[in-house]
Amino acid sequence: MANLKDIRDRIKSVKSIQKVTKAMKMVAAAKMRKAQERMEQARPYTYRLVNVIHHLLPDVNRALLPLLDIRPIQRVGYVVVTSDRGLAGSFNTNIIKKAELEINEIGKENVDLFCIGKKARDYFTRRNYNIIQSHIEFWNDLEFQHATKIGEKIINHFVSKKVDEIHVCYNEFVNVATQTIQSEQLLPLEYNQEESSNVSNRLYEPSKEKLTKSLIPRHLNVQMWKYLLESYASEQAARMIAMENATDNAEDMVKNLTLEFNKARQASITKEMLEIVGGAEALK
Amino acid sequence: MGHFTLDIVTPTQNLDVIEVNYVRCPGIDGSFGIMANHQDGVFSLDIGEIMIQSESDTKFYSTSGGFAEINENEVCLLVETIESSSDIDISRAESALQRVNERKTKRNVEDVDEVRMESSLSRALNRLRVAKR
């Protein structure tokens, strides 16, 4: 049976780890709430923008706009959105696995990677993937400008015909307990033909083509912003759940260890008693 | 004078819907005004100043572009940023201006993104102009 002092030390260390996980859980919860609020705020803008674009696109000649250009697919760009830090359960592992699977289907050498977050960068660098760019260490002060900046690089890569398609892998925030992994095509822009109803007698200034030209980059910025927000909220939610589980597990461990400790203590007392009784018996 | 509802939406904030009489926006081909019962449409907006007149007051905002959608006497401004003339961070705009000027002087040393520099310059100038209102 383990030494009494060993058990006592373990209980102590488990308890202090529990305190840390508890604190991390609360921090993650607060950050998640903030991220959720921002997601709510971004939604009306996205919704309306998509609406207008859907009205415009059917009337616009695709060949005029480089961002709508559908080319035969030779090279593909992948944007993988992960976090900078770990301790968030399977948040990063799952997204990286999914991305890697899809990339290997196309062939490692035909894929250009954009890594967002340290975890993706580290993983794919170690495995010699073709990383064009990585964006790290901005999650803590996430601003709309980050989305624009990241988006700009990715869009340029597409427009300069280095890749013929761009996909984004990110975690979608469904609710606190569920985050689903999404892999979407960002470029060339797709749209649903049926949804676009024709509204006549509408003024478009300047021309529809020019409008689309200025709207689509904005749309992509907002899309990028959405990916970042969803991923950030998911990260915090995943961390919150992971830390909650860790705290619960620590609780169980403390319980078991305390039981073991008491057993060991009692055993040693019994042993001592027996020795005393045995000693007294021998003296008779 | 007739009035209509104005909704201003950005990716990071949603302003309250308000009743206004007149809105002047910086269109791509020069500024234009919207009054009640305007024909439906979509209009591109440039970097510039938005003036909003309601029953009680007139307010000025700076924007870095977006577009306006008019739908059955409801106007929605979808812009990337909007700051009322009193909220503009003057020191930030000034430092942006300075940054652009610095870059212009050492232009041939590194390749500078001309388009980005120009738009950053006009954004900064616009902010400073509107802030003086």
# chains A, B, ... in the order shown; residues from 1 in each chain; ligands from 1
call {"tool": "closest_atom_pairs", "arguments": {"of": "chain A", "to": "chain B", "cutoff": "6 Å", "atoms": "only C-alpha atoms", "output": "tab-separated table"}}
result
residue	atom	partner	partner_atom	distance
A:Gln41	CA	B:Gln13	CA	5.7
A:Ala42	CA	B:Pro11	CA	4.5
A:Tyr45	CA	B:Pro11	CA	5.6
A:Arg202	CA	B:Gly41	CA	4.6
A:Leu203	CA	B:Gly41	CA	4.1
A:Tyr204	CA	B:Val42	CA	5.1
A:Glu205	CA	B:Phe43	CA	4.8
call {"tool": "select_by_dssp", "arguments": {"residues": "chain B", "states": "helix (DSSP H, G or I)", "output": "ChimeraX atom specification"}}
result
/B:90-105,114-131
call {"tool": "atom_distance", "arguments": {"atom1": "CA of Asp112 in chain A", "atom2": "CA of Asn92 in chain A"}}
result
19.5 Å
call {"tool": "residues_around", "arguments": {"residues": "Ile34 in chain B", "least_positions_apart": "4", "cutoff": "9 Å", "atoms": "only C-alpha atoms", "output": "list in words"}}
result
Asn21, Tyr22, Val23, Arg24, Cys25, His38 and Val75 of chain B
call {"tool": "write_last_selection", "arguments": {"atoms": "C-alpha atoms", "output": "compact mmCIF listing (two decimals), in the first residue's frame"}}
result
# COMPACT_ATOMS: atom_id res chain seq x y z
CA ASN B 21 -36.15 62.84 -43.24
CA TYR B 22 -33.09 62.96 -45.40
CA VAL B 23 -29.85 61.06 -45.87
CA ARG B 24 -26.91 62.20 -47.95
CA CYS B 25 -24.48 59.46 -48.96
CA HIS B 38 -37.27 57.01 -53.12
CA VAL B 75 -33.30 52.39 -46.23
call {"tool": "closest_residue", "arguments": {"among": "A:Val222, A:Glu184, A:Phe173, A:Asn128", "to": "Gln145 in chain A", "atoms": "only C-alpha atoms"}}
result
A:Val222
call {"tool": "select_by_dssp", "arguments": {"residues": "chain B", "states": "strand (DSSP E)", "output": "number ranges by chain"}}
result
B: 4-9, 18-20, 22-27, 30-35, 41-53, 58-71, 74-79, 82-84
call {"tool": "atom_distance", "arguments": {"atom1": "CA of Thr178 in chain A", "atom2": "CA of Thr125 in chain A"}}
result
28.9 Å
call {"tool": "residues_around", "arguments": {"residues": "His219 in chain A", "least_positions_apart": "2", "cutoff": "9 Å", "atoms": "only C-alpha atoms", "output": "PyMOL selection string"}}
result
chain A and resi 46+49-50+53+215-217+221-224
call {"tool": "residues_around", "arguments": {"residues": "Gly151 in chain A", "least_positions_apart": "4", "cutoff": "12 Å", "atoms": "only C-alpha atoms", "output": "MDAnalysis selection string"}}
result
chainID A and resid 79 114 116 133 135 144:147 155:158 166 168 186:187 216:228
call {"tool": "atom_distance", "arguments": {"atom1": "CA of Ile241 in chain A", "atom2": "CA of Ile11 in chain A"}}
result
23.2 Å
call {"tool": "residues_around", "arguments": {"residues": "Ala88 in chain A", "least_positions_apart": "4", "cutoff": "10 Å", "atoms": "only C-alpha atoms", "output": "PyMOL selection string"}}
result
chain A and resi 28+83+92-93+234-243
